[in-house]
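To be precise, the following lines are coords.pdb, and they hold PDB, C-alpha atoms, pLDDT in the B column.
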ATOM      1  CA  MET U   1       9.386  15.308  -0.725  1.00 46.00           C
ATOM      2  CA  LYS U   2      10.859  13.034  -3.399  1.00 46.00           C
ATOM      3  CA  ARG U   3      13.631  10.487  -2.889  1.00 49.00           C
ATOM      4  CA  PHE U   4      14.064   8.634  -6.161  1.00 47.00           C
ATOM      5  CA  SER U   5      15.658   9.010  -9.592  1.00 51.00           C
ATOM      6  CA  GLY U   6      16.372   7.149 -12.795  1.00 50.00           C
ATOM      7  CA  THR U   7      13.212   6.258 -14.701  1.00 55.00           C
ATOM      8  CA  VAL U   8      12.560   5.215 -18.278  1.00 55.00           C
ATOM      9  CA  LEU U   9       8.982   6.402 -18.719  1.00 58.00           C
ATOM     10  CA  LYS U  10       7.541   6.817 -22.188  1.00 62.00           C
ATOM     11  CA  GLU U  11       4.695   9.224 -22.832  1.00 66.00           C
ATOM     12  CA  GLU U  12       2.880   6.717 -25.059  1.00 67.00           C
ATOM     13  CA  ASN U  13       2.689   4.241 -22.168  1.00 69.00           C
ATOM     14  CA  LYS U  14       0.690   6.585 -19.918  1.00 75.00           C
ATOM     15  CA  CYS U  15      -2.890   5.643 -19.126  1.00 67.00           C
ATOM     16  CA  THR U  16      -5.371   7.642 -17.027  1.00 76.00           C
ATOM     17  CA  ILE U  17      -8.574   6.272 -15.538  1.00 70.00           C
ATOM     18  CA  THR U  18     -11.213   7.580 -13.160  1.00 76.00           C
ATOM     19  CA  LEU U  19     -11.334   5.477 -10.022  1.00 78.00           C
ATOM     20  CA  LYS U  20     -14.243   6.549  -7.864  1.00 86.00           C
ATOM     21  CA  ASP U  21     -13.747  10.342  -7.913  1.00 85.00           C
ATOM     22  CA  LYS U  22      -9.980  10.286  -8.534  1.00 86.00           C
ATOM     23  CA  GLN U  23      -7.913  10.506 -11.694  1.00 82.00           C
ATOM     24  CA  ILE U  24      -5.206   7.833 -11.572  1.00 83.00           C
ATOM     25  CA  THR U  25      -2.371   7.757 -14.100  1.00 81.00           C
ATOM     26  CA  PHE U  26      -0.146   4.711 -14.498  1.00 74.00           C
ATOM     27  CA  ASP U  27       2.151   2.884 -16.911  1.00 69.00           C
ATOM     28  CA  VAL U  28       0.195   0.457 -19.112  1.00 58.00           C
ATOM     29  CA  GLN U  29       3.246  -1.815 -19.151  1.00 56.00           C
ATOM     30  CA  GLY U  30       3.364  -1.896 -15.361  1.00 62.00           C
ATOM     31  CA  PHE U  31       0.924  -3.508 -12.925  1.00 62.00           C
ATOM     32  CA  PHE U  32      -2.584  -2.203 -12.382  1.00 61.00           C
ATOM     33  CA  GLN U  33      -5.735  -4.073 -11.405  1.00 66.00           C
ATOM     34  CA  SER U  34      -8.006  -4.712 -14.383  1.00 68.00           C
ATOM     35  CA  ASN U  35     -11.284  -5.253 -12.509  1.00 68.00           C
ATOM     36  CA  MET U  36     -12.396  -1.709 -11.651  1.00 69.00           C
ATOM     37  CA  GLU U  37     -15.629  -2.757  -9.944  1.00 80.00           C
ATOM     38  CA  VAL U  38     -13.878  -5.010  -7.433  1.00 83.00           C
ATOM     39  CA  LEU U  39     -11.041  -2.483  -7.006  1.00 85.00           C
ATOM     40  CA  GLU U  40     -13.485   0.271  -6.051  1.00 90.00           C
ATOM     41  CA  LYS U  41     -15.166  -2.024  -3.522  1.00 93.00           C
ATOM     42  CA  THR U  42     -11.740  -2.965  -2.167  1.00 92.00           C
ATOM     43  CA  ILE U  43     -10.804   0.695  -1.731  1.00 93.00           C
ATOM     44  CA  ASP U  44     -14.043   1.369   0.162  1.00 94.00           C
ATOM     45  CA  THR U  45     -13.357  -1.605   2.431  1.00 96.00           C
ATOM     46  CA  VAL U  46      -9.695  -0.710   3.043  1.00 96.00           C
ATOM     47  CA  MET U  47     -10.557   2.913   3.885  1.00 96.00           C
ATOM     48  CA  HIS U  48     -13.409   2.084   6.264  1.00 95.00           C
ATOM     49  CA  ASN U  49     -12.963   3.928   9.577  1.00 95.00           C
ATOM     50  CA  LEU U  50      -9.458   5.172   8.719  1.00 97.00           C
ATOM     51  CA  SER U  51      -8.413   8.724   9.616  1.00 97.00           C
ATOM     52  CA  GLY U  52      -5.694  10.529  11.522  1.00 97.00           C
ATOM     53  CA  GLU U  53      -2.310  12.193  11.208  1.00 97.00           C
ATOM     54  CA  ASN U  54       0.060   9.729   9.504  1.00 98.00           C
ATOM     55  CA  ALA U  55      -0.443   6.717   7.268  1.00 98.00           C
ATOM     56  CA  LEU U  56       2.016   4.454   5.461  1.00 98.00           C
ATOM     57  CA  ASP U  57       1.373   2.933   2.028  1.00 98.00           C
ATOM     58  CA  MET U  58       3.924   0.134   1.696  1.00 98.00           C
ATOM     59  CA  TYR U  59       4.418  -1.208  -1.848  1.00 96.00           C
ATOM     60  CA  SER U  60       2.332   1.735  -3.023  1.00 93.00           C
ATOM     61  CA  GLY U  61       2.649   1.271  -6.776  1.00 89.00           C
ATOM     62  CA  CYS U  62       1.304   4.355  -8.554  1.00 86.00           C
ATOM     63  CA  GLY U  63      -0.467   5.494  -5.384  1.00 90.00           C
ATOM     64  CA  THR U  64      -3.864   3.855  -5.903  1.00 92.00           C
ATOM     65  CA  PHE U  65      -4.532   3.620  -2.167  1.00 95.00           C
ATOM     66  CA  SER U  66      -2.469   6.682  -1.257  1.00 96.00           C
ATOM     67  CA  VAL U  67      -4.737   9.137  -3.078  1.00 95.00           C
ATOM     68  CA  PHE U  68      -7.612   7.962  -0.891  1.00 95.00           C
ATOM     69  CA  LEU U  69      -5.508   7.830   2.280  1.00 98.00           C
ATOM     70  CA  ALA U  70      -4.580  11.465   1.602  1.00 96.00           C
ATOM     71  CA  ASP U  71      -8.244  12.446   2.051  1.00 95.00           C
ATOM     72  CA  ARG U  72      -8.180  10.933   5.550  1.00 97.00           C
ATOM     73  CA  TYR U  73      -4.648  11.583   6.840  1.00 98.00           C
ATOM     74  CA  LYS U  74      -2.597  14.761   7.094  1.00 97.00           C
ATOM     75  CA  ASN U  75       0.525  13.008   5.817  1.00 97.00           C
ATOM     76  CA  VAL U  76       0.995   9.851   3.740  1.00 97.00           C
ATOM     77  CA  THR U  77       4.294   8.025   3.206  1.00 98.00           C
ATOM     78  CA  LEU U  78       4.645   6.004  -0.003  1.00 97.00           C
ATOM     79  CA  VAL U  79       7.253   3.268  -0.408  1.00 97.00           C
ATOM     80  CA  GLU U  80       7.691   1.589  -3.794  1.00 94.00           C
ATOM     81  CA  HIS U  81      10.792   0.020  -5.357  1.00 92.00           C
ATOM     82  CA  ASN U  82       9.537   0.488  -8.945  1.00 86.00           C
ATOM     83  CA  ARG U  83      10.838   3.948  -9.855  1.00 82.00           C
ATOM     84  CA  ASP U  84       8.450   4.347 -12.802  1.00 82.00           C
ATOM     85  CA  ALA U  85       5.462   3.582 -10.589  1.00 87.00           C
ATOM     86  CA  ILE U  86       6.567   6.060  -7.914  1.00 87.00           C
ATOM     87  CA  VAL U  87       6.888   8.812 -10.541  1.00 86.00           C
ATOM     88  CA  PHE U  88       3.250   8.233 -11.444  1.00 88.00           C
ATOM     89  CA  ALA U  89       2.420   8.206  -7.738  1.00 90.00           C
ATOM     90  CA  GLU U  90       3.965  11.675  -7.490  1.00 90.00           C
ATOM     91  CA  GLN U  91       1.659  12.877 -10.259  1.00 89.00           C
ATOM     92  CA  ASN U  92      -1.361  11.233  -8.644  1.00 91.00           C
ATOM     93  CA  MET U  93      -0.515  12.719  -5.235  1.00 93.00           C
ATOM     94  CA  ALA U  94       0.088  16.271  -6.510  1.00 90.00           C
ATOM     95  CA  GLY U  95      -1.186  18.854  -4.021  1.00 90.00           C
ATOM     96  CA  ARG U  96      -1.443  16.358  -1.167  1.00 91.00           C
ATOM     97  CA  LYS U  97       1.012  16.250   1.729  1.00 93.00           C
ATOM     98  CA  HIS U  98       3.142  13.164   1.336  1.00 96.00           C
ATOM     99  CA  GLU U  99       6.630  11.691   1.129  1.00 95.00           C
ATOM    100  CA  SER U 100       7.700   9.235  -1.569  1.00 95.00           C
ATOM    101  CA  PHE U 101      10.550   6.758  -1.341  1.00 95.00           C
ATOM    102  CA  GLY U 102      11.651   4.965  -4.507  1.00 93.00           C
ATOM    103  CA  VAL U 103      13.362   2.134  -2.635  1.00 95.00           C
ATOM    104  CA  SER U 104      12.571  -1.410  -1.553  1.00 96.00           C
ATOM    105  CA  GLY U 105      10.607  -1.931   1.628  1.00 97.00           C
ATOM    106  CA  GLU U 106      13.710  -3.394   3.225  1.00 97.00           C
ATOM    107  CA  LYS U 107      15.826  -0.322   2.418  1.00 97.00           C
ATOM    108  CA  TRP U 108      13.103   2.003   3.675  1.00 98.00           C
ATOM    109  CA  VAL U 109      12.899   0.113   6.968  1.00 98.00           C
ATOM    110  CA  LEU U 110      16.689   0.134   7.386  1.00 97.00           C
ATOM    111  CA  ASN U 111      17.408   3.691   6.233  1.00 97.00           C
ATOM    112  CA  HIS U 112      14.281   5.857   6.496  1.00 97.00           C
ATOM    113  CA  ALA U 113      11.580   4.503   8.815  1.00 97.00           C
ATOM    114  CA  GLU U 114      13.027   5.891  12.037  1.00 97.00           C
ATOM    115  CA  THR U 115      13.620   9.325  10.487  1.00 97.00           C
ATOM    116  CA  CYS U 116      10.080   9.484   9.095  1.00 97.00           C
ATOM    117  CA  ILE U 117       8.611   8.720  12.495  1.00 97.00           C
ATOM    118  CA  LYS U 118      10.850  11.281  14.219  1.00 96.00           C
ATOM    119  CA  GLN U 119       9.875  13.977  11.714  1.00 95.00           C
ATOM    120  CA  ASN U 120       6.165  13.276  11.343  1.00 94.00           C
ATOM    121  CA  GLY U 121       5.145  11.276  14.387  1.00 96.00           C
ATOM    122  CA  PRO U 122       4.057   7.638  14.643  1.00 97.00           C
ATOM    123  CA  TYR U 123       2.029   5.935  11.952  1.00 98.00           C
ATOM    124  CA  GLU U 124      -1.571   5.254  12.881  1.00 98.00           C
ATOM    125  CA  ALA U 125      -2.286   2.928   9.968  1.00 98.00           C
ATOM    126  CA  VAL U 126      -0.500   0.928   7.290  1.00 98.00           C
ATOM    127  CA  VAL U 127      -1.897  -0.240   3.977  1.00 98.00           C
ATOM    128  CA  ILE U 128       0.399  -2.928   2.630  1.00 98.00           C
ATOM    129  CA  ASP U 129       0.002  -4.597  -0.767  1.00 94.00           C
ATOM    130  CA  PRO U 130       3.154  -6.643  -1.427  1.00 94.00           C
ATOM    131  CA  PRO U 131       4.046  -8.655  -4.521  1.00 91.00           C
ATOM    132  CA  ARG U 132       3.208 -12.353  -4.780  1.00 91.00           C
ATOM    133  CA  SER U 133       6.287 -13.229  -2.712  1.00 94.00           C
ATOM    134  CA  GLY U 134       4.747 -11.400   0.257  1.00 96.00           C
ATOM    135  CA  MET U 135       6.344  -8.939   2.655  1.00 97.00           C
ATOM    136  CA  GLU U 136      10.094  -8.692   2.690  1.00 97.00           C
ATOM    137  CA  LYS U 137      11.449 -10.227   5.893  1.00 97.00           C
ATOM    138  CA  ALA U 138      12.706  -6.873   7.199  1.00 98.00           C
ATOM    139  CA  VAL U 139       9.330  -5.244   6.517  1.00 98.00           C
ATOM    140  CA  CYS U 140       7.433  -8.001   8.314  1.00 98.00           C
ATOM    141  CA  GLN U 141       9.781  -7.839  11.300  1.00 98.00           C
ATOM    142  CA  TRP U 142       9.474  -4.056  11.448  1.00 98.00           C
ATOM    143  CA  LEU U 143       5.679  -4.204  11.310  1.00 98.00           C
ATOM    144  CA  CYS U 144       5.607  -6.839  14.035  1.00 97.00           C
ATOM    145  CA  SER U 145       7.545  -4.544  16.367  1.00 97.00           C
ATOM    146  CA  SER U 146       6.011  -1.251  15.200  1.00 96.00           C
ATOM    147  CA  ASN U 147       2.909  -1.124  17.440  1.00 95.00           C
ATOM    148  CA  ILE U 148       1.063   0.595  14.587  1.00 98.00           C
ATOM    149  CA  PRO U 149      -2.560   0.102  15.669  1.00 98.00           C
ATOM    150  CA  LEU U 150      -4.132  -0.686  12.278  1.00 98.00           C
ATOM    151  CA  ILE U 151      -2.768  -2.783   9.424  1.00 98.00           C
ATOM    152  CA  ARG U 152      -4.791  -3.361   6.258  1.00 98.00           C
ATOM    153  CA  SER U 153      -2.987  -6.113   4.363  1.00 98.00           C
ATOM    154  CA  ILE U 154      -3.809  -7.042   0.762  1.00 96.00           C
ATOM    155  CA  SER U 155      -2.304 -10.027  -1.003  1.00 94.00           C
ATOM    156  CA  CYS U 156      -2.436 -11.722  -4.390  1.00 90.00           C
ATOM    157  CA  ASP U 157      -1.130 -14.979  -2.885  1.00 92.00           C
ATOM    158  CA  ILE U 158      -3.010 -16.682  -0.074  1.00 92.00           C
ATOM    159  CA  ALA U 159      -0.012 -18.792   0.986  1.00 95.00           C
ATOM    160  CA  THR U 160       2.362 -15.865   1.522  1.00 97.00           C
ATOM    161  CA  HIS U 161      -0.452 -13.870   3.127  1.00 97.00           C
ATOM    162  CA  ALA U 162      -0.990 -16.683   5.632  1.00 97.00           C
ATOM    163  CA  ARG U 163       2.749 -16.822   6.318  1.00 97.00           C
ATOM    164  CA  ASP U 164       2.956 -13.073   7.006  1.00 98.00           C
ATOM    165  CA  ALA U 165      -0.265 -13.112   9.042  1.00 98.00           C
ATOM    166  CA  LYS U 166       1.238 -15.800  11.281  1.00 98.00           C
ATOM    167  CA  PHE U 167       4.124 -13.513  12.247  1.00 98.00           C
ATOM    168  CA  LEU U 168       1.854 -10.521  12.839  1.00 98.00           C
ATOM    169  CA  MET U 169      -0.439 -12.549  15.058  1.00 98.00           C
ATOM    170  CA  ARG U 170       2.462 -14.046  17.008  1.00 97.00           C
ATOM    171  CA  SER U 171       3.647 -10.489  17.724  1.00 97.00           C
ATOM    172  CA  GLY U 172       0.315  -9.504  19.260  1.00 97.00           C
ATOM    173  CA  TYR U 173      -1.826  -8.391  16.333  1.00 98.00           C
ATOM    174  CA  LYS U 174      -5.371  -9.695  16.174  1.00 98.00           C
ATOM    175  CA  LEU U 175      -6.923 -10.714  12.870  1.00 98.00           C
ATOM    176  CA  LYS U 176     -10.218  -8.821  12.984  1.00 97.00           C
ATOM    177  CA  LYS U 177     -11.555  -9.347   9.465  1.00 97.00           C
ATOM    178  CA  LEU U 178     -10.643 -11.361   6.395  1.00 97.00           C
ATOM    179  CA  TYR U 179     -12.074 -10.851   2.921  1.00 96.00           C
ATOM    180  CA  LEU U 180     -11.627 -12.819  -0.298  1.00 93.00           C
ATOM    181  CA  LEU U 181     -11.441 -10.598  -3.384  1.00 89.00           C
ATOM    182  CA  ASP U 182     -12.568 -12.148  -6.657  1.00 79.00           C
ATOM    183  CA  PHE U 183     -10.691  -9.881  -9.064  1.00 77.00           C
ATOM    184  CA  TYR U 184     -10.587 -12.592 -11.728  1.00 76.00           C
ATOM    185  CA  PRO U 185     -13.956 -14.401 -11.855  1.00 81.00           C
ATOM    186  CA  GLN U 186     -14.091 -17.913 -13.299  1.00 80.00           C
ATOM    187  CA  THR U 187     -10.386 -18.461 -12.605  1.00 83.00           C
ATOM    188  CA  CYS U 188      -8.644 -20.166  -9.690  1.00 79.00           C
ATOM    189  CA  HIS U 189      -6.960 -16.880  -8.730  1.00 83.00           C
ATOM    190  CA  ILE U 190      -8.183 -15.155  -5.561  1.00 87.00           C
ATOM    191  CA  GLU U 191      -6.846 -12.219  -3.569  1.00 89.00           C
ATOM    192  CA  SER U 192      -7.303 -11.519   0.112  1.00 95.00           C
ATOM    193  CA  LEU U 193      -7.620  -8.541   2.434  1.00 97.00           C
ATOM    194  CA  ALA U 194      -6.931  -8.815   6.159  1.00 98.00           C
ATOM    195  CA  PHE U 195      -7.570  -6.313   8.948  1.00 98.00           C
ATOM    196  CA  PHE U 196      -5.082  -6.547  11.812  1.00 98.00           C
ATOM    197  CA  GLU U 197      -5.298  -4.529  15.021  1.00 98.00           C
ATOM    198  CA  LYS U 198      -2.905  -4.149  17.941  1.00 92.00           C
ATOM    199  CA  GLU U 199      -4.776  -4.282  21.228  1.00 78.00           C
TER     200      GLU U 199
END

Is it possible to give me this structure as structure tokens?
Amino acid sequence: MKRFSGTVLKEENKCTITLKDKQITFDVQGFFQSNMEVLEKTIDTVMHNLSGENALDMYSGCGTFSVFLADRYKNVTLVEHNRDAIVFAEQNMAGRKHESFGVSGEKWVLNHAETCIKQNGPYEAVVIDPPRSGMEKAVCQWLCSSNIPLIRSISCDIATHARDAKFLMRSGYKLKKLYLLDFYPQTCHIESLAFFEKE
């Protein structure tokens, strides 16, 4: 199901790569990780021991994690405010059961989250990869009260990741694992991946 409109995609900006065994198409003028070796290792780590009925990919971009979640879950929900990216996600998710929402995380939480859960059942896992500013306040509050058992949180900013982790942990989530991801060797930039579980 698609819930978005109004894109300005240009055919000459399309790029397709093979990521593990998947073909991923994206906009070369949009965001995509440049270090394929670390990205593949990150995907393997994020997907470890995940499987079930319903998964949520918050800030999904072009569906990089969603295409792998779709191998492990019967239904995947993608939320991404960038309409061009979500159009590519639709292409990358073709043939897999999913729902796409071309809205901000905040708008999805306010207008769609409850309906999605009523229609499909509760989410068993969330993969969340927000922009540098971190989770939107409404998204963080929703996650804190969601009781979703597994959260895999990726961040390109350690400070905002620590801020969001604080709220998750105060709400009862346990930080089980924390990884540092060196996507850009020989620079000061580092990304992080945290595993949170509700006990």

Q. Atom CA of Phe101 of chain U to atom CA of Ser60 of chain U: how many Å, to one decimal?
A.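 Rounded to one decimal, the two atoms are 9.8 Å apart.
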
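Among the candidate residues U:Met58, U:Ile158, U:Leu78, U:Val87, the one lying nearest to Ser100 of chain U is U:Leu78, with distances computed using only C-alpha atoms.
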
Adding 6 Å on each side of the box along x, y and z that holds all listed atoms of segment 112-117 of chain U, could you give its centre and edge lengths in Å to one decimal, as JSON?
{"center_x": 11.4, "center_y": 7.0, "center_z": 9.5, "size_x": 17.7, "size_y": 17.0, "size_z": 18.0}

(Q) Quick check, in Å to one decimal: how far apart do atom CA of Gly63 of chain U and atom CA of Met93 of chain U lie? (A)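 If I compute the distance from atom CA of Gly63 of chain U to atom CA of Met93 of chain U, I get 7.2 Å.
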
Q | Residues selected by the PyMOL selection byres ((chain U and resi 193) around 12), written as a PyMOL selection string | A | chain U and resi 39+41-43+45-47+127-130+151-158+161-162+165+175-183+190-192+194-196

Q.
Would you pick out the contacts of Thr18 of chain U at 12 Å or less, using only C-alpha atoms, so that residues sharing its chain but fewer than 5 positions from it are not included, and give the list as a list in words?
A.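 The residues satisfying every condition are Gln23, Ile24, Thr25, Phe26, Met36, Glu37, Leu39, Glu40, Thr64 and Asn92 of chain U.
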
Q: Go through U:Cys188, U:Asn75, U:Ala70, U:Trp142 and flag the residue nearest Asn120 of chain U, using only C-alpha atoms for the distances.
A: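 Residue with the minimum atom-to-atom distance to Asn120 of chain U: U:Asn75.
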
(Q) Translate the PyMOL selection byres ((chain U and resi 141) around 12) into a concrete residue list for this structure, as an MDAnalysis selection string. (A) chainID U and resid 105:106 109:110 135:140 142:147 164:171

Q.
Since I can't run it myself right now, could you work out what the PyMOL selection byres ((chain U and resi 51) around 9) selects here and report it as a PyMOL selection string?
A. chain U and resi 47-50+52-55+69+71-74+124-125

Q | Point-to-point distance in Å for atom CA of Val103 of chain U and atom CA of Ser66 of chain U | A |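 Taking atom CA of Ser66 of chain U as the start and atom CA of Val103 of chain U as the end point, the length is 16.5 Å.
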
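When only C-alpha atoms are used to measure the gap to Arg83 of chain U, the shortest distance among U:Gly121, U:Gly95, U:Gly102, U:Pro149 belongs to U:Gly102.
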